[in-house]
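Chemist: Quick one: the structure is below, and I'll ask about it shortly.
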Amino acid sequence: MTRWRYPAIPEHEITPEPLYHHRRQFMKQAAGLAITAAALPTGLAAAAPQPSDQWRDALAQAPASQLSTDETLTDERTITSYNNFFEFGTRKRDPSDWGHYLQTDPWAIKVEGEVARPGLYDLNKLVRPDWLEERIYRLRCVEAWSMVIPWTGFQLSHLIEQLQPTSKAKYLVFETLYDPQQFPGQRRETLRWPYTEGLRMDEAMHPLTIMAVGLYGKPLPNQNGAPIRLVVPWKYGFKSIKSIVTLRFQEQQPVSSWQQMAPAEYGFYANVNPGVSHPRWSQATERRLGESGRRKTLMFNGYTEQVAGLYQGMDLEQFY
Ligand SMILES: Nc1nc2c(c(=O)[nH]1)N[C@H]1C(S)=C(S)[C@@H](COP(=O)(O)O)O[C@H]1N2
Ligand SMILES: [Mo]
């Protein structure tokens with residue numbers, strides 16, 4: 001399978017001299033051409049025409065969601081400097097130290113598989129300003145720390161409805177950009193690249209599942225997964241894949257990057273569960289960054305009422 005990626009050509013080699021000072025505009029035109037050339041989906045463009053960049057203007061004014069937690073927010077500096085984003089390196093500071101290497105505009109997302117409207121889409125055409133809202137969610141990392149994060153984003157279900165998966169689509173697979181020039185961490189095999197995650201279709205359609213494009217009312221910082229990342233608040237943080245370039249609808253359950261690396265430690269579901277220990281440590285408690293002491297970890301990260309129905313009849317010790 002050939003993987004779509006940005007051309008790894010230094011900017012000065014592809015930008016004609018007269019256009020140099022209009023780089024942004026040029027990049028957009030180049031993106032437009034690439035998108036036209038690749039099997040342009042007919043339906044979506046007609047169904048949801050949006051002038052470029054409108055959602056970026058709407059981001060700061062996004063209304064607050066009823067689905068937000070009212071817990072104290074983790075401070076912005078912590079959220080943007082204590083990160084897991086292995087494409088930039090394995091240390092918590094690597095993503096904020098190296099994040100500026102990532103070029104996030106223009107950005108294209110490839111939609112493929114069991115779906116009526118496959119294609120290579122300009123991100124600006126996929127995000128509708130009226131979908132945006134602020135969602136404050138807890139994020140519980142598998143390493144037993146947590147934060148409270150004010151995301152700006154939209155319900156993934158809105159986008160899935162636009163793309164129209166076929167009846168064969170049982171899972172949605174997400175992939176992060178693969179480009180070792182921008183992601184120094186991809187020059188080493190710490191994980192199988194591109195970072196891959198998946199959700200069962202009913203999980204992807206759940207109203208709590210969002211795609212985030214902002215944080216603290218501003219565009220998403222690169223270290224947090226710019227320009228667009230998944231957020232699934234009842235699952236361990238690693239399911240919330242960053243800097244997404246591929247959405248693939250398929251019948252088979254995919255193997256995620258962490259599952260592939262250590263199947264005994266990371267399952268496909270990755271639901272937060274204080275009763276199922278990681279083989280090397282307990283998941284019963286967590287450290288909320290910025291607090292002293294520890295908190296009890298809650299089943300489904302506190303979202304039991306909303307999501308337990310998705311897993312009725314499943315043995316959650318087997319399907320961890
Ligand atoms: N592409 C990609 N997505 C990723 C990761 C990663 O290494 N690469 N780390 C995951 C993990 S382990 C966590 S806890 C969250 C952290 O998100 P944050 O840095 O925005 O808090 O991102 C997840 N998404
Ligand atoms: Mo994590």
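Letters A, B, ... go to the chains of the structure tokens in the order shown; residues in each chain start at 1; ligands are counted from 1 in the same order.
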Determine, counting only C-alpha atoms, which protein, DNA and RNA residues have an atom within 12 Å of an atom of A:Leu159; residues of the same chain fewer than 6 positions away are not included. Present the result as number ranges by chain.
Modeler: A: 44, 47-48, 111, 117, 123, 125-128, 131-132, 153, 165, 204-205, 207, 209-211, 247
Chemist: Kindly export the residues of the current selection with N, CA and C atoms, as a JSON list (two decimals), in the first residue's frame.
Modeler:
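As a result, out_9.json now contains:
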```json
[["chain", "number", "residue", "atom", "x", "y", "z"],
["A", 44, "LEU", "N", -19.35, 15.41, -1.04],
["A", 44, "LEU", "CA", -19.12, 16.20, 0.16],
["A", 44, "LEU", "C", -18.97, 17.68, -0.15],
["A", 47, "ALA", "N", -22.25, 19.09, -0.48],
["A", 47, "ALA", "CA", -23.06, 19.05, 0.73],
["A", 47, "ALA", "C", -22.59, 20.05, 1.77],
["A", 48, "ALA", "N", -21.32, 20.30, 1.83],
["A", 48, "ALA", "CA", -20.81, 21.13, 2.92],
["A", 48, "ALA", "C", -19.77, 22.13, 2.43],
["A", 111, "VAL", "N", -9.62, 10.00, 3.03],
["A", 111, "VAL", "CA", -10.74, 9.19, 3.50],
["A", 111, "VAL", "C", -10.86, 8.01, 2.56],
["A", 117, "ARG", "N", -18.03, 8.44, 0.23],
["A", 117, "ARG", "CA", -17.33, 9.64, -0.24],
["A", 117, "ARG", "C", -15.84, 9.62, 0.08],
["A", 123, "LEU", "N", -8.40, 19.96, 4.87],
["A", 123, "LEU", "CA", -8.96, 20.04, 6.23],
["A", 123, "LEU", "C", -9.97, 21.19, 6.36],
["A", 125, "LYS", "N", -12.05, 22.23, 4.35],
["A", 125, "LYS", "CA", -13.35, 21.90, 3.77],
["A", 125, "LYS", "C", -14.10, 20.87, 4.62],
["A", 126, "LEU", "N", -13.37, 20.22, 5.51],
["A", 126, "LEU", "CA", -13.99, 19.17, 6.32],
["A", 126, "LEU", "C", -14.61, 19.70, 7.61],
["A", 127, "VAL", "N", -14.03, 20.77, 8.15],
["A", 127, "VAL", "CA", -14.49, 21.27, 9.45],
["A", 127, "VAL", "C", -15.49, 22.40, 9.25],
["A", 128, "ARG", "N", -16.68, 22.23, 9.75],
["A", 128, "ARG", "CA", -17.69, 23.29, 9.64],
["A", 128, "ARG", "C", -17.69, 24.13, 10.91],
["A", 131, "TRP", "N", -20.08, 23.46, 13.80],
["A", 131, "TRP", "CA", -19.93, 22.24, 14.60],
["A", 131, "TRP", "C", -19.13, 22.49, 15.88],
["A", 132, "LEU", "N", -18.34, 23.56, 15.87],
["A", 132, "LEU", "CA", -17.34, 23.72, 16.94],
["A", 132, "LEU", "C", -17.96, 24.03, 18.29],
["A", 153, "GLY", "N", -13.49, 21.56, 19.63],
["A", 153, "GLY", "CA", -13.57, 20.53, 18.62],
["A", 153, "GLY", "C", -15.00, 20.29, 18.19],
["A", 165, "PRO", "N", -20.30, 6.23, 5.63],
["A", 165, "PRO", "CA", -19.75, 4.87, 5.58],
["A", 165, "PRO", "C", -20.78, 3.88, 5.03],
["A", 204, "ALA", "N", -16.99, 5.39, 17.67],
["A", 204, "ALA", "CA", -16.66, 6.58, 16.86],
["A", 204, "ALA", "C", -17.87, 7.51, 16.76],
["A", 205, "MET", "N", -19.06, 6.93, 16.72],
["A", 205, "MET", "CA", -20.30, 7.72, 16.58],
["A", 205, "MET", "C", -20.81, 8.25, 17.91],
["A", 207, "PRO", "N", -21.59, 10.41, 21.09],
["A", 207, "PRO", "CA", -21.52, 11.87, 21.22],
["A", 207, "PRO", "C", -20.33, 12.39, 22.04],
["A", 209, "THR", "N", -17.29, 11.36, 21.69],
["A", 209, "THR", "CA", -16.07, 11.26, 20.87],
["A", 209, "THR", "C", -15.93, 12.50, 19.99],
["A", 210, "ILE", "N", -14.82, 13.19, 20.15],
["A", 210, "ILE", "CA", -14.64, 14.43, 19.38],
["A", 210, "ILE", "C", -13.31, 14.43, 18.62],
["A", 211, "MET", "N", -13.28, 15.29, 17.61],
["A", 211, "MET", "CA", -12.03, 15.65, 16.95],
["A", 211, "MET", "C", -11.70, 17.03, 17.46],
["A", 247, "LEU", "N", -8.32, 8.57, 7.47],
["A", 247, "LEU", "CA", -9.50, 7.98, 8.09],
["A", 247, "LEU", "C", -9.91, 6.82, 7.18]]
```
Chemist: I'd like the contact shell of stretch 172-184 of chain A - 6 Å cut-off, only C-alpha atoms, skipping same-chain residues fewer than 2 positions apart - returned as a list in words.
Modeler: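 The residues that qualify are Glu87, Phe88, Tyr101, Leu102, Gln186, Arg187, Pro194, Tyr195, Thr196, Glu197, Gly198, Leu199, Ser243, Ile244, Val245, Thr246, Leu247, Arg248 and Phe249 of chain A.
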Chemist: Give me a file of those residues, with N, CA and C atoms, as an mmCIF file, in the first residue's frame.
Modeler:
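And here is the file that came out, again_5.cif:
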```cif
data_model
loop_
_atom_site.group_PDB
_atom_site.id
_atom_site.type_symbol
_atom_site.label_atom_id
_atom_site.label_comp_id
_atom_site.auth_asym_id
_atom_site.auth_seq_id
_atom_site.Cartn_x
_atom_site.Cartn_y
_atom_site.Cartn_z
ATOM 1 N N GLU A 87 6.329 10.726 17.929
ATOM 2 C CA GLU A 87 6.892 11.164 16.657
ATOM 3 C C GLU A 87 7.954 12.245 16.871
ATOM 4 N N PHE A 88 7.863 12.946 18.005
ATOM 5 C CA PHE A 88 8.857 13.978 18.310
ATOM 6 C C PHE A 88 9.915 13.488 19.295
ATOM 7 N N TYR A 101 8.708 21.937 14.118
ATOM 8 C CA TYR A 101 9.103 21.367 12.826
ATOM 9 C C TYR A 101 7.906 20.946 11.986
ATOM 10 N N LEU A 102 6.780 20.740 12.617
ATOM 11 C CA LEU A 102 5.625 20.211 11.894
ATOM 12 C C LEU A 102 4.872 21.332 11.169
ATOM 13 N N GLN A 186 10.362 9.528 14.241
ATOM 14 C CA GLN A 186 10.063 8.455 13.288
ATOM 15 C C GLN A 186 11.318 7.901 12.625
ATOM 16 N N ARG A 187 12.478 8.511 12.936
ATOM 17 C CA ARG A 187 13.718 7.956 12.395
ATOM 18 C C ARG A 187 14.149 6.736 13.201
ATOM 19 N N PRO A 194 3.067 4.497 10.403
ATOM 20 C CA PRO A 194 2.533 5.615 11.155
ATOM 21 C C PRO A 194 1.750 5.140 12.375
ATOM 22 N N TYR A 195 1.731 5.980 13.396
ATOM 23 C CA TYR A 195 0.915 5.726 14.587
ATOM 24 C C TYR A 195 -0.508 5.448 14.114
ATOM 25 N N THR A 196 -1.042 4.326 14.558
ATOM 26 C CA THR A 196 -2.349 3.873 14.070
ATOM 27 C C THR A 196 -3.270 3.593 15.249
ATOM 28 N N GLU A 197 -4.508 4.046 15.137
ATOM 29 C CA GLU A 197 -5.501 3.756 16.166
ATOM 30 C C GLU A 197 -6.818 3.395 15.506
ATOM 31 N N GLY A 198 -7.724 2.841 16.271
ATOM 32 C CA GLY A 198 -9.015 2.480 15.702
ATOM 33 C C GLY A 198 -10.105 2.508 16.746
ATOM 34 N N LEU A 199 -11.325 2.708 16.279
ATOM 35 C CA LEU A 199 -12.503 2.648 17.136
ATOM 36 C C LEU A 199 -13.547 1.765 16.455
ATOM 37 N N SER A 243 -2.504 14.548 15.047
ATOM 38 C CA SER A 243 -2.060 14.941 13.686
ATOM 39 C C SER A 243 -2.482 13.912 12.632
ATOM 40 N N ILE A 244 -3.791 13.763 12.513
ATOM 41 C CA ILE A 244 -4.389 12.702 11.695
ATOM 42 C C ILE A 244 -4.388 13.062 10.199
ATOM 43 N N VAL A 245 -3.952 12.118 9.367
ATOM 44 C CA VAL A 245 -4.012 12.319 7.907
ATOM 45 C C VAL A 245 -4.845 11.254 7.191
ATOM 46 N N THR A 246 -5.204 10.182 7.890
ATOM 47 C CA THR A 246 -5.990 9.129 7.231
ATOM 48 C C THR A 246 -7.157 8.699 8.105
ATOM 49 N N LEU A 247 -8.316 8.573 7.472
ATOM 50 C CA LEU A 247 -9.497 7.975 8.091
ATOM 51 C C LEU A 247 -9.915 6.821 7.184
ATOM 52 N N ARG A 248 -9.856 5.598 7.705
ATOM 53 C CA ARG A 248 -10.186 4.435 6.871
ATOM 54 C C ARG A 248 -11.319 3.642 7.522
ATOM 55 N N PHE A 249 -12.393 3.477 6.789
ATOM 56 C CA PHE A 249 -13.530 2.693 7.270
ATOM 57 C C PHE A 249 -13.312 1.257 6.810
#
```
Chemist: Find the residue from A:Arg77, A:Arg56, A:Lys242, A:Arg138 that sits nearest to ligand 1; use only C-alpha atoms and all ligand atoms when measuring.
Modeler: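 Ranked by minimum distance to ligand 1, first place goes to A:Lys242.
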Chemist: List all protein, DNA and RNA residues that have at least one atom no more than 9 Å from any atom of ligand 1, counting only C-alpha atoms and all ligand atoms, and write them as a VMD selection string.
Modeler: chain A and resid 78 to 90 92 95 139 to 143 145 to 147 149 175 to 177 191 194 to 197 220 to 221 223 to 225 229 to 231 236 to 244
Chemist: Quick check for you: according to DSSP on this backbone, which residues of stretch 186-244 of chain A are classed as alpha helix (DSSP H)? Reply as a JSON list (two decimals) with N, CA, C and O atoms, in the first residue's frame.
Modeler:
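Writing the result to out.json gives the following:
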```
[["chain", "number", "residue", "atom", "x", "y", "z"],
["A", 201, "MET", "N", -17.26, 1.26, 15.25],
["A", 201, "MET", "CA", -18.07, 2.34, 14.68],
["A", 201, "MET", "C", -18.99, 2.99, 15.71],
["A", 201, "MET", "O", -19.17, 4.21, 15.69],
["A", 202, "ASP", "N", -19.55, 2.18, 16.63],
["A", 202, "ASP", "CA", -20.45, 2.79, 17.62],
["A", 202, "ASP", "C", -19.68, 3.67, 18.61],
["A", 202, "ASP", "O", -20.22, 4.65, 19.13],
["A", 203, "GLU", "N", -18.40, 3.35, 18.85],
["A", 203, "GLU", "CA", -17.57, 4.22, 19.69],
["A", 203, "GLU", "C", -17.27, 5.52, 18.97],
["A", 203, "GLU", "O", -17.30, 6.61, 19.56],
["A", 204, "ALA", "N", -16.99, 5.39, 17.67],
["A", 204, "ALA", "CA", -16.66, 6.58, 16.86],
["A", 204, "ALA", "C", -17.87, 7.51, 16.76],
["A", 204, "ALA", "O", -17.73, 8.74, 16.71]]
```
Chemist: Find the spatial neighbours of A:Ala284, counting only C-alpha atoms, within a cut-off of 9 Å - ignore same-chain residues fewer than 3 positions away - and output them as a list in words.
Modeler: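 Returned residues: Ala144, Asn273, Pro274, Gly275, Val276, Ser277, Arg295, Lys296, Thr297 and Leu298 of chain A.
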Chemist: Create the file for the chosen residues now, containing C-alpha atoms and written as a short mmCIF file (atom, residue, chain, number, x, y, z; two decimals), in the first residue's frame.
Modeler:
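That gives us selection_19.cif:
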```
data_model
loop_
_atom_site.label_atom_id
_atom_site.label_comp_id
_atom_site.auth_asym_id
_atom_site.auth_seq_id
_atom_site.Cartn_x
_atom_site.Cartn_y
_atom_site.Cartn_z
CA ALA A 144 -1.39 6.84 35.65
CA ASN A 273 -10.53 0.56 34.16
CA PRO A 274 -9.17 0.77 37.72
CA GLY A 275 -9.90 -2.95 38.13
CA VAL A 276 -7.59 -4.13 35.36
CA SER A 277 -3.92 -3.50 36.16
CA ARG A 295 -6.95 10.31 43.17
CA LYS A 296 -8.90 7.13 42.68
CA THR A 297 -9.24 6.28 39.02
CA LEU A 298 -12.87 6.04 37.98
#
```
Chemist: Considering only C-alpha atoms, can you say which of A:Tyr121, A:Trp281, A:Tyr320, A:Phe300 comes closest to A:Gln259?
Modeler: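 For A:Gln259, the nearest of the given residues is A:Tyr320.
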Chemist: Compare A:Gly113, A:Pro233, A:Gly302, A:Gly313 by their minimum atom-to-atom distance to ligand 2, counting only C-alpha atoms and all ligand atoms, and give me the closest one.
Modeler: A:Pro233
Chemist: Go through A:Ser52, A:Gln250, A:Lys235, A:Val148 one by one, measure the shortest atom-to-atom distance of each to ligand 2 using only C-alpha atoms and all ligand atoms, and give the residue with the smallest value.
Modeler: A:Lys235
Chemist: Tell me, which residues of stretch 72-260 of chain A carry DSSP strand (DSSP E), written as an MDAnalysis selection string?
Modeler: chainID A and resid 108:113 119:122 133:140 145:155 171:176 196:200 210:215 218:219 229:231 244:250
Chemist: Select, from A:Gly290, A:Glu133, A:Thr285, A:Tyr266, the residue with the minimum atom-to-atom distance to ligand 2, counting only C-alpha atoms and all ligand atoms.
Modeler: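 Nearest candidate to ligand 2 out of A:Gly290, A:Glu133, A:Thr285, A:Tyr266: A:Tyr266.
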Chemist: May I ask which of the residues A:Val115, A:Val272, A:Ala212, A:Leu73 is the closest one to ligand 2, counting only C-alpha atoms and all ligand atoms?
Modeler: A:Val272
Chemist: Record the distance separating atom CA of A:Met314 and atom CA of A:Pro279, expressed in Å with one decimal.
Modeler: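 Distance between the two atoms: 20.7 Å.
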